[in-house]
Amino acid sequence: MHVVTIASMTPDTEAAVSVDASGNVQWGDKLVVNPWDEYAITEAVLLKEAHSGQVTVMAVGAEAQAEALKHGLAIGCDQAIRVWDPALVGADSLAYARAAAAAIRKLGDADLVIFGKEMSDSASDQHVFQTARKLGWTMIGFVAKIEAIDFAARTIRVRRMTDQGSEVVSGRLPAVISVLKDINEPKYPTFIGIRKAAKAEIPVWSLADLGLSAAAVAPRTAISGHRELPRREGSAEIIEGASAQEQAAKLVARLLEEKIL
Amino acid sequence: MDFALNEEQIMARDMVRELARDKIYPTLKEWDRKHQPHPDVLPLLAENGVLGINIPVRYGGQGFDYITLALVCEELERIDASLRVIMSVHAGLNSLALLQWGTEEQKQRFLVPQARGEKYAGYGLTEADAGSDPVNLRSTARREGDVYILNGEKMWISLTALADHFIVFAKTDPHAEPRHKGITAFIITRDMKGVSTYDEKHKLGVRAGSTGSIVMQDVEVPVENRLGEEGEGFYIAMSCLDNGRYTVAAGATGCIRACLEDSIKYAKERHTFGVPIAQHQLIKQKLAFMQQWYDAAWLLVMRAGWLKNQGQRNTRETAVAKWFATDMSVKAALEAIQLHGAYGFSDEYDVERYLRNAKGAVIYEGSSEIQQLIQADYALGYRHDRPLRCEPVPYDAETWQSEG
Ligand SMILES: Cc1cc2nc3c(=O)[nH]c(=O)nc-3n(C[C@H](O)[C@H](O)[C@H](O)COP(=O)(O)OP(=O)(O)OC[C@H]3O[C@@H](n4cnc5c(N)ncnc54)[C@H](O)[C@@H]3O)c2cc1C
């Protein structure tokens, strides 16, 4: 069994994000492990504990991404690999997926790839589906639970969430899945894991190592600018009344008057 | 001089920060209000290896250094002093003393389960009439063949209700001259016949922690449970305090940081005279002082930690860190309450809890007055560090991390 999980660092979810006049985003200076990836990493480690095998945590990106890899090692992943090449500066999701897929293929024996649902900053997830497409593997998104996985028989059965509810989907391995918060409770690092992570020398695979040309990862799309949401204008009205009943009656009357009810 | 923390220390600090914030903080106030130990704290610290953070791996610990111990204590007290108090007694006052003074057999029997978090540990020096002046303690230990018979009552002992093991001090020779040479240290266990404990119910602070008394009535303690030699107890007690005070000092930096962080947040939210109070110069001054106290306290703690890693005696340096950090944590908490105005006076906000907790730390493990006497006595040449039979154990990454 060899499970791969792909992690990334994203701006702190608690940072106040703003857009300047020229359309550039100020994300704040602190990065955290993409919260969705915490579930992906944990799921990979849980699978390893249940099936005894190997977990590789991977990131595509510059040096700052190494922190997500160290976090993965500290939680219990066996090895970490960072994919990076100067030609990947400005990579779009497709370029990212090409690099990720090539790296997964280079591992040789991966059975399952686990992504977090999306990148928390851009709320984008197309790189997940594109990676599966580039690998030519089964893709199952929005997984809330792995109900059964059999690495020998090469099958997986999961519960995935849809807008209407949930459905159980079976598929063949190798597969790529993206996971939701329902799937587990993220693990915390262990001290032994921390020591291993601190000592780890994380290999960096370049495009040459992956047999990709710079042209193959040239971005096809570019973000030309960001804009803030229009500010909401509004006012608050406190409904007074002697009792809760009276307040509720007045509230209902107001809502009817405003044609909200 | 290298001020940088290494990656291992940073990751350990962050892990404990997240654990305490996610797993304990949301329910802390509930237990503080109830004056009851938070039931999840000890199991959490045990399961995650925090209780044995800086005990060598071969004794069941995690093999991290003394600096990491301080960082952990800072993070725990960032949430609440009751969390850090556990490290002070379990790790600082007890486990590290076993590492320094214990026989190999005692380390296997007591230190290993403590470092693994299977057993919890406390330290009983104080008595009704012996706090700042522990030489005045009245508990006695009478040797009868292969056992000592212990009698007496320890008071104000942290973790009384929860600890399995205690290091206690008693007089084997009540008439010794000088008096401190009559004191001997023992390891007692809760399950020994004649040991009973009572928890103090209404403390000003550390309310989510356990503090109380241990009564020893004709407790038979086997000779193998004597820690160190007969008459060596006072030196052991003081060397324990070198480690305990270190954790208290480190914890106090966490309390100062809590005051500062909460105050910064509030100062930006609260408006008076049409602007956030953060824009008033007198408010800025409070924040500036808190920052200064934090930085200075932290540096004093780090120097003590560095000496500990080297295995050098650090009584003076630890004492000055403890004195300064805890005194400043009281000041920081007072200023934090002031900055929060009436809201700070209510337990809706955490700052009043910081003050109640901080007030304990200027009393226990040597009051601020005692810390001042220590500094002056070193300065005047009235006090010197004499060699100990068992010197503090230096940190060595390789041996501390090896299994064998
Ligand atoms: C929350 C809490 C937890 C504790 N946990 C433990 C524990 O786990 N184990 C343990 O053994 N003890 C513990 N203690 C006890 C603590 O260490 C003592 O309370 C402390 O040493 C002070 O002793 P005392 O209370 O008897 O005060 P006293 O010694 O009676 O002092 C009274 C006052 O006189 C001052 N004073 C005393 N002597 C002098 C002097 N020579 N010059 C100037 N001023 C002086 C003191 O600073 C203090 O202000 C704990 C206490 C508290 C509050």
# chains A, B, ... in the order shown; residues from 1 in each chain; ligands from 1

$ residues_around --residues "segment 271-274 of chain B" --least-positions-apart "5" --cutoff "12 Å" --atoms "only C-alpha atoms" --output "list in words"
Tyr266, Gln279, His280, Ile283, Leu339, His340 and Gly341 of chain B

$ interface_residues --of "chain A" --to "chain B" --cutoff "9 Å" --atoms "only C-alpha atoms" --output "count of residues only"
13

$ closest_residue --among "B:Asp133, B:Glu403, B:Asp146, B:Asp164" --to "ligand 1" --atoms "only C-alpha atoms and all ligand atoms"
B:Asp133

$ residues_near_ligand --ligand "ligand 1" --cutoff "7 Å" --atoms "only C-alpha atoms and all ligand atoms" --output "NGL selection string"
:B and (89 or 122-126 or 128-133 or 155-159 or 206 or 211 or 360 or 363-370)

$ residues_around --residues "segment 227-239 of chain B" --least-positions-apart "3" --cutoff "6 Å" --atoms "only C-alpha atoms" --output "number ranges by chain"
B: 180-186, 242

$ write_last_selection --atoms "N, CA and C atoms" --output "PDB file, in the first residue's frame"
ATOM      1  N   HIS B 180      19.287  21.909  58.799  1.00  0.00           N
ATOM      2  CA  HIS B 180      18.916  21.397  57.468  1.00  0.00           C
ATOM      3  C   HIS B 180      19.538  20.028  57.189  1.00  0.00           C
ATOM      4  N   LYS B 181      20.564  19.668  57.959  1.00  0.00           N
ATOM      5  CA  LYS B 181      21.196  18.364  57.717  1.00  0.00           C
ATOM      6  C   LYS B 181      20.375  17.207  58.268  1.00  0.00           C
ATOM      7  N   GLY B 182      19.262  17.527  58.940  1.00  0.00           N
ATOM      8  CA  GLY B 182      18.421  16.446  59.467  1.00  0.00           C
ATOM      9  C   GLY B 182      17.310  16.037  58.517  1.00  0.00           C
ATOM     10  N   ILE B 183      17.277  16.641  57.304  1.00  0.00           N
ATOM     11  CA  ILE B 183      16.151  16.398  56.384  1.00  0.00           C
ATOM     12  C   ILE B 183      16.515  15.336  55.341  1.00  0.00           C
ATOM     13  N   THR B 184      15.565  14.443  55.064  1.00  0.00           N
ATOM     14  CA  THR B 184      15.779  13.380  54.077  1.00  0.00           C
ATOM     15  C   THR B 184      14.593  13.350  53.112  1.00  0.00           C
ATOM     16  N   ALA B 185      14.862  12.983  51.856  1.00  0.00           N
ATOM     17  CA  ALA B 185      13.809  12.930  50.827  1.00  0.00           C
ATOM     18  C   ALA B 185      13.341  11.492  50.628  1.00  0.00           C
ATOM     19  N   PHE B 186      12.031  11.337  50.401  1.00  0.00           N
ATOM     20  CA  PHE B 186      11.448  10.004  50.180  1.00  0.00           C
ATOM     21  C   PHE B 186      10.471  10.042  49.008  1.00  0.00           C
ATOM     22  N   ASP B 242      15.349  24.424  41.625  1.00  0.00           N
ATOM     23  CA  ASP B 242      16.033  25.003  40.454  1.00  0.00           C
ATOM     24  C   ASP B 242      15.282  24.647  39.172  1.00  0.00           C
TER      25      ASP B 242
END

$ decode --residues "segment 345-358 of chain B" --atoms "all heavy atoms" --output "CSV table (one decimal), in the first residue's frame"
chain,number,residue,atom,x,y,z
B,345,PHE,N,-13.0,43.4,34.6
B,345,PHE,CA,-13.4,43.2,36.0
B,345,PHE,C,-14.4,42.0,36.0
B,345,PHE,O,-14.7,41.6,37.1
B,345,PHE,CB,-14.0,44.5,36.5
B,345,PHE,CG,-14.0,44.5,38.0
B,345,PHE,CD1,-12.8,44.6,38.7
B,345,PHE,CD2,-15.2,44.5,38.7
B,345,PHE,CE1,-12.8,44.7,40.1
B,345,PHE,CE2,-15.2,44.6,40.1
B,345,PHE,CZ,-14.0,44.7,40.8
B,346,SER,N,-14.8,41.5,34.9
B,346,SER,CA,-15.8,40.5,34.9
B,346,SER,C,-15.1,39.2,34.3
B,346,SER,O,-14.2,39.3,33.5
B,346,SER,CB,-16.9,40.9,33.9
B,346,SER,OG,-17.3,39.8,33.1
B,347,ASP,N,-15.6,38.0,34.6
B,347,ASP,CA,-15.0,36.8,34.1
B,347,ASP,C,-15.5,36.5,32.7
B,347,ASP,O,-15.1,35.4,32.2
B,347,ASP,CB,-15.0,35.7,35.1
B,347,ASP,CG,-16.3,34.9,35.0
B,347,ASP,OD1,-17.3,35.4,34.4
B,347,ASP,OD2,-16.4,33.8,35.6
B,348,GLU,N,-16.2,37.4,32.1
B,348,GLU,CA,-16.5,37.3,30.7
B,348,GLU,C,-15.2,37.3,29.9
B,348,GLU,O,-15.1,36.6,28.9
B,348,GLU,CB,-17.4,38.4,30.3
B,348,GLU,CG,-18.0,38.3,28.9
B,348,GLU,CD,-18.8,39.6,28.5
B,348,GLU,OE1,-19.3,40.2,29.4
B,348,GLU,OE2,-18.8,39.9,27.3
B,349,TYR,N,-14.3,38.1,30.3
B,349,TYR,CA,-13.0,38.1,29.7
B,349,TYR,C,-12.0,37.3,30.5
B,349,TYR,O,-12.2,37.1,31.7
B,349,TYR,CB,-12.5,39.5,29.5
B,349,TYR,CG,-13.2,40.2,28.3
B,349,TYR,CD1,-14.4,40.8,28.5
B,349,TYR,CD2,-12.6,40.2,27.1
B,349,TYR,CE1,-15.1,41.4,27.4
B,349,TYR,CE2,-13.2,40.8,26.0
B,349,TYR,CZ,-14.5,41.4,26.1
B,349,TYR,OH,-15.1,41.9,25.1
B,350,ASP,N,-10.9,36.9,30.0
B,350,ASP,CA,-9.9,36.1,30.7
B,350,ASP,C,-9.0,36.8,31.6
B,350,ASP,O,-8.3,36.2,32.4
B,350,ASP,CB,-9.1,35.3,29.7
B,350,ASP,CG,-9.9,34.2,28.9
B,350,ASP,OD1,-10.9,33.7,29.5
B,350,ASP,OD2,-9.6,34.0,27.7
B,351,VAL,N,-8.9,38.1,31.4
B,351,VAL,CA,-7.8,38.8,32.1
B,351,VAL,C,-7.8,38.7,33.6
B,351,VAL,O,-6.8,38.7,34.3
B,351,VAL,CB,-7.6,40.3,31.6
B,351,VAL,CG1,-7.0,40.2,30.2
B,351,VAL,CG2,-8.9,41.0,31.6
B,352,GLU,N,-9.1,38.7,34.2
B,352,GLU,CA,-9.1,38.6,35.6
B,352,GLU,C,-8.6,37.3,36.1
B,352,GLU,O,-8.0,37.2,37.2
B,352,GLU,CB,-10.6,38.9,36.1
B,352,GLU,CG,-11.6,37.9,35.6
B,352,GLU,CD,-11.8,36.6,36.4
B,352,GLU,OE1,-11.6,36.7,37.7
B,352,GLU,OE2,-12.0,35.6,35.9
B,353,ARG,N,-8.7,36.2,35.3
B,353,ARG,CA,-8.2,34.9,35.7
B,353,ARG,C,-6.7,35.0,35.6
B,353,ARG,O,-6.0,34.4,36.5
B,353,ARG,CB,-8.7,33.9,34.7
B,353,ARG,CG,-8.1,32.5,34.9
B,353,ARG,CD,-8.9,31.4,34.2
B,353,ARG,NE,-9.2,31.7,32.8
B,353,ARG,CZ,-8.3,31.5,31.8
B,353,ARG,NH1,-7.1,30.9,32.0
B,353,ARG,NH2,-8.6,31.8,30.5
B,354,TYR,N,-6.1,35.7,34.7
B,354,TYR,CA,-4.7,35.8,34.6
B,354,TYR,C,-4.1,36.4,35.9
B,354,TYR,O,-3.1,36.0,36.4
B,354,TYR,CB,-4.2,36.7,33.4
B,354,TYR,CG,-4.7,36.2,32.0
B,354,TYR,CD1,-4.8,37.1,31.0
B,354,TYR,CD2,-5.0,34.9,31.8
B,354,TYR,CE1,-5.2,36.7,29.7
B,354,TYR,CE2,-5.4,34.5,30.5
B,354,TYR,CZ,-5.5,35.4,29.5
B,354,TYR,OH,-5.9,35.0,28.3
B,355,LEU,N,-4.8,37.4,36.4
B,355,LEU,CA,-4.4,38.1,37.6
B,355,LEU,C,-4.5,37.1,38.8
B,355,LEU,O,-3.5,37.0,39.6
B,355,LEU,CB,-5.2,39.3,37.9
B,355,LEU,CG,-4.8,40.0,39.2
B,355,LEU,CD1,-3.3,40.6,39.1
B,355,LEU,CD2,-5.7,41.1,39.6
B,356,ARG,N,-5.6,36.4,38.9
B,356,ARG,CA,-5.7,35.5,40.0
B,356,ARG,C,-4.7,34.4,40.0
B,356,ARG,O,-4.1,34.0,41.0
B,356,ARG,CB,-7.1,34.8,40.0
B,356,ARG,CG,-8.2,35.8,40.3
B,356,ARG,CD,-9.6,35.2,40.5
B,356,ARG,NE,-10.2,34.8,39.3
B,356,ARG,CZ,-10.3,33.5,38.8
B,356,ARG,NH1,-9.7,32.6,39.4
B,356,ARG,NH2,-10.9,33.3,37.6
B,357,ASN,N,-4.3,33.9,38.8
B,357,ASN,CA,-3.3,32.9,38.7
B,357,ASN,C,-1.9,33.5,39.0
B,357,ASN,O,-1.1,32.9,39.6
B,357,ASN,CB,-3.3,32.3,37.2
B,357,ASN,CG,-4.5,31.4,37.0
B,357,ASN,OD1,-5.1,30.9,37.9
B,357,ASN,ND2,-4.8,31.2,35.7
B,358,ALA,N,-1.7,34.7,38.4
B,358,ALA,CA,-0.3,35.3,38.5
B,358,ALA,C,0.0,35.5,40.0
B,358,ALA,O,1.2,35.3,40.4
B,358,ALA,CB,-0.2,36.6,37.7
